[in-house]
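To start, the structure under review is shown below, and the notes come after it.
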Amino acid sequence: MELPWLGRHCSERACRQLDFLPLKCDACGEVFCKDHIRYDDHSCSSAYKKNVQVPVCPLCNAPVPVQKGEVPDIVVGAHMDKDCKYNPAQQKIFTNKCLKPGCKRKEMMKVVCEQCGGNFCIKHRHPLDHDCKASSRPISKAG
């Protein structure tokens with residue numbers, strides 16, 4: 001037995017499927033089946049109102065504005081070629097400062113003491129070299 005008053009027909013012209021759990025598009029307000037609810041699936045003319053994305057430059061982490069109709073990849077590529085403020089020479093590589101009092105050395109990677117958990121340079125990495133204040137046994141890592 002068919003119950004035609006239940007459900008709604010998909011607004012996509014090629015589909016028109018009777019759906020008992022129809023979905024309403026939050027941009028255009030039309031009703032669609034599960035196969036046509038995405039903006040691209042029903043060529044939503046109002047998608048620009050809801051589907052707003054601002055790409056971020058992978059080099060300088062700055063947001064890159066994209067106008068309607070522009071391809072984000074091309075706009076970000078143009079930004080990277082012309083306007084990008086990224087300068088690899090300004091990147092600090094040695095950022096891990098030794099915690100030993102009086103030591104001013106910095107390492108590229110963290111060198112962590114297993115007993116006290118402090119970060120030290122290669123010269124002061126051993127507990128005896130940095131006057132380790134931790135207990136005599138290493139800290140067990142929960143795992």
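Numbering starts fresh at 1 for the residues of each chain in the structure tokens, the chains themselves are lettered A, B, ... in the order given, and ligands are numbered from 1 as they appear.
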If you run DSSP over the backbone, which residues in stretch 55-102 of chain A end up helix (DSSP H, G or I)? Put them as an NGL selection string.
:A and (72-82 or 88-90)
Take the selection from the previous step and output its residues with C-alpha atoms, as an mmCIF file, in the first residue's frame.
```
data_model
loop_
_atom_site.group_PDB
_atom_site.id
_atom_site.type_symbol
_atom_site.label_atom_id
_atom_site.label_comp_id
_atom_site.auth_asym_id
_atom_site.auth_seq_id
_atom_site.Cartn_x
_atom_site.Cartn_y
_atom_site.Cartn_z
ATOM 1 C CA PRO A 72 41.458 28.681 -4.045
ATOM 2 C CA ASP A 73 44.543 26.712 -5.158
ATOM 3 C CA ILE A 74 45.354 29.247 -7.869
ATOM 4 C CA VAL A 75 44.827 32.234 -5.548
ATOM 5 C CA VAL A 76 47.054 30.719 -2.826
ATOM 6 C CA GLY A 77 49.699 29.895 -5.455
ATOM 7 C CA ALA A 78 49.660 33.502 -6.671
ATOM 8 C CA HIS A 79 49.974 34.705 -3.074
ATOM 9 C CA MET A 80 52.997 32.441 -2.547
ATOM 10 C CA ASP A 81 54.627 33.799 -5.738
ATOM 11 C CA LYS A 82 53.999 37.511 -5.080
ATOM 12 C CA PRO A 88 63.249 30.736 5.404
ATOM 13 C CA ALA A 89 66.344 32.676 6.517
ATOM 14 C CA GLN A 90 64.360 34.112 9.450
#
```
Quick one: pick out all strand (DSSP E) residues within chain A from a backbone DSSP run and write them as a PyMOL selection string.
chain A and resi 8-9+18-19+23-24+31-32+96-97+106-107
Selection near stretch 28-32 of chain A, 12 Å with only C-alpha atoms, sequence-local residues under 2 positions removed, as a ChimeraX atom specification:
/A:7-26,34-39,41-51
Can you spit out the residues from that selection as a tab-separated table (two decimals), in the first residue's frame, using N, CA and C atoms?
```tsv
chain	number	residue	atom	x	y	z
A	7	GLY	N	6.32	11.90	3.32
A	7	GLY	CA	7.59	12.21	2.68
A	7	GLY	C	7.48	13.33	1.67
A	8	ARG	N	8.59	13.63	1.02
A	8	ARG	CA	8.65	14.69	0.00
A	8	ARG	C	9.50	14.19	-1.16
A	9	HIS	N	9.27	14.75	-2.31
A	9	HIS	CA	10.06	14.40	-3.49
A	9	HIS	C	11.33	15.26	-3.52
A	10	CYS	N	12.42	14.66	-3.95
A	10	CYS	CA	13.70	15.35	-4.09
A	10	CYS	C	13.54	16.48	-5.12
A	11	SER	N	14.06	17.65	-4.81
A	11	SER	CA	13.94	18.81	-5.70
A	11	SER	C	14.86	18.73	-6.92
A	12	GLU	N	15.81	17.80	-6.92
A	12	GLU	CA	16.69	17.63	-8.08
A	12	GLU	C	15.86	17.10	-9.24
A	13	ARG	N	15.86	17.81	-10.36
A	13	ARG	CA	14.98	17.46	-11.50
A	13	ARG	C	15.25	16.06	-12.04
A	14	ALA	N	16.49	15.65	-12.06
A	14	ALA	CA	16.82	14.33	-12.61
A	14	ALA	C	16.44	13.21	-11.65
A	15	CYS	N	16.17	13.53	-10.40
A	15	CYS	CA	15.92	12.49	-9.38
A	15	CYS	C	14.43	12.38	-9.05
A	16	ARG	N	13.88	13.38	-8.41
A	16	ARG	CA	12.47	13.44	-7.99
A	16	ARG	C	12.03	12.22	-7.17
A	17	GLN	N	12.99	11.59	-6.49
A	17	GLN	CA	12.70	10.40	-5.68
A	17	GLN	C	11.85	10.79	-4.47
A	18	LEU	N	10.87	9.93	-4.13
A	18	LEU	CA	10.06	10.14	-2.93
A	18	LEU	C	10.89	9.69	-1.75
A	19	ASP	N	11.14	10.61	-0.83
A	19	ASP	CA	12.00	10.33	0.31
A	19	ASP	C	11.20	10.54	1.59
A	20	PHE	N	11.20	9.53	2.46
A	20	PHE	CA	10.44	9.63	3.71
A	20	PHE	C	11.20	10.35	4.80
A	21	LEU	N	12.49	10.57	4.58
A	21	LEU	CA	13.31	11.37	5.49
A	21	LEU	C	14.04	12.43	4.67
A	22	PRO	N	13.31	13.38	4.08
A	22	PRO	CA	13.94	14.38	3.22
A	22	PRO	C	14.80	15.34	4.04
A	23	LEU	N	15.77	15.92	3.37
A	23	LEU	CA	16.70	16.86	4.00
A	23	LEU	C	16.54	18.23	3.35
A	24	LYS	N	16.54	19.27	4.16
A	24	LYS	CA	16.37	20.62	3.64
A	24	LYS	C	17.74	21.28	3.54
A	25	CYS	N	18.06	21.83	2.39
A	25	CYS	CA	19.33	22.53	2.18
A	25	CYS	C	19.33	23.81	2.99
A	26	ASP	N	20.37	24.02	3.78
A	26	ASP	CA	20.43	25.21	4.64
A	26	ASP	C	20.78	26.48	3.86
A	34	LYS	N	19.08	12.02	0.25
A	34	LYS	CA	20.43	11.94	0.80
A	34	LYS	C	21.51	12.01	-0.27
A	35	ASP	N	21.17	11.65	-1.51
A	35	ASP	CA	22.15	11.66	-2.60
A	35	ASP	C	22.37	13.06	-3.19
A	36	HIS	N	21.47	14.00	-2.91
A	36	HIS	CA	21.58	15.32	-3.53
A	36	HIS	C	21.61	16.47	-2.52
A	37	ILE	N	21.85	16.20	-1.25
A	37	ILE	CA	21.81	17.26	-0.24
A	37	ILE	C	23.06	18.15	-0.27
A	38	ARG	N	24.19	17.62	-0.69
A	38	ARG	CA	25.41	18.45	-0.73
A	38	ARG	C	25.26	19.56	-1.78
A	39	TYR	N	25.86	20.72	-1.53
A	39	TYR	CA	25.74	21.87	-2.42
A	39	TYR	C	26.12	21.51	-3.85
A	41	ASP	N	26.10	18.57	-5.27
A	41	ASP	CA	25.24	17.54	-5.84
A	41	ASP	C	23.96	18.09	-6.44
A	42	HIS	N	23.51	19.25	-5.97
A	42	HIS	CA	22.31	19.84	-6.57
A	42	HIS	C	22.58	21.22	-7.18
A	43	SER	N	23.86	21.50	-7.41
A	43	SER	CA	24.29	22.77	-8.03
A	43	SER	C	23.60	23.95	-7.36
A	44	CYS	N	23.75	24.02	-6.06
A	44	CYS	CA	23.07	25.03	-5.25
A	44	CYS	C	23.53	26.44	-5.66
A	45	SER	N	22.56	27.27	-5.99
A	45	SER	CA	22.88	28.65	-6.40
A	45	SER	C	23.14	29.54	-5.19
A	46	SER	N	22.78	29.09	-3.99
A	46	SER	CA	22.97	29.88	-2.78
A	46	SER	C	24.12	29.35	-1.92
A	47	ALA	N	24.92	28.44	-2.44
A	47	ALA	CA	25.99	27.82	-1.66
A	47	ALA	C	27.00	28.85	-1.16
A	48	TYR	N	27.21	29.91	-1.93
A	48	TYR	CA	28.19	30.93	-1.53
A	48	TYR	C	27.85	31.56	-0.18
A	49	LYS	N	26.59	31.52	0.22
A	49	LYS	CA	26.17	32.09	1.50
A	49	LYS	C	26.68	31.26	2.69
A	50	LYS	N	26.74	29.94	2.51
A	50	LYS	CA	27.10	29.04	3.60
A	50	LYS	C	28.47	28.40	3.44
A	51	ASN	N	28.85	28.10	2.22
A	51	ASN	CA	30.09	27.37	1.96
A	51	ASN	C	31.25	28.36	1.82
```
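If you look at atom CA of A:Phe120 and atom CA of A:Lys100, they are 6.7 Å away from each other.
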12 Å contact set for A:His126, only C-alpha atoms, chain neighbours under 6 positions out, as a list in words:
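Listing them by chain and then by number gives Lys100, Val111, Val112, Cys113, Glu114, Gln115, Cys116, Gly117, Gly118, Asn119, Phe120 and Cys132 of chain A.
When atom CA of A:Gly102 is paired with atom CA of A:Lys133, their separation reads 16.6 Å.
Nearest residue to A:Asp131 among A:Glu107, A:Val54, A:Val66, A:Pro101 is A:Pro101, counting only C-alpha atoms.
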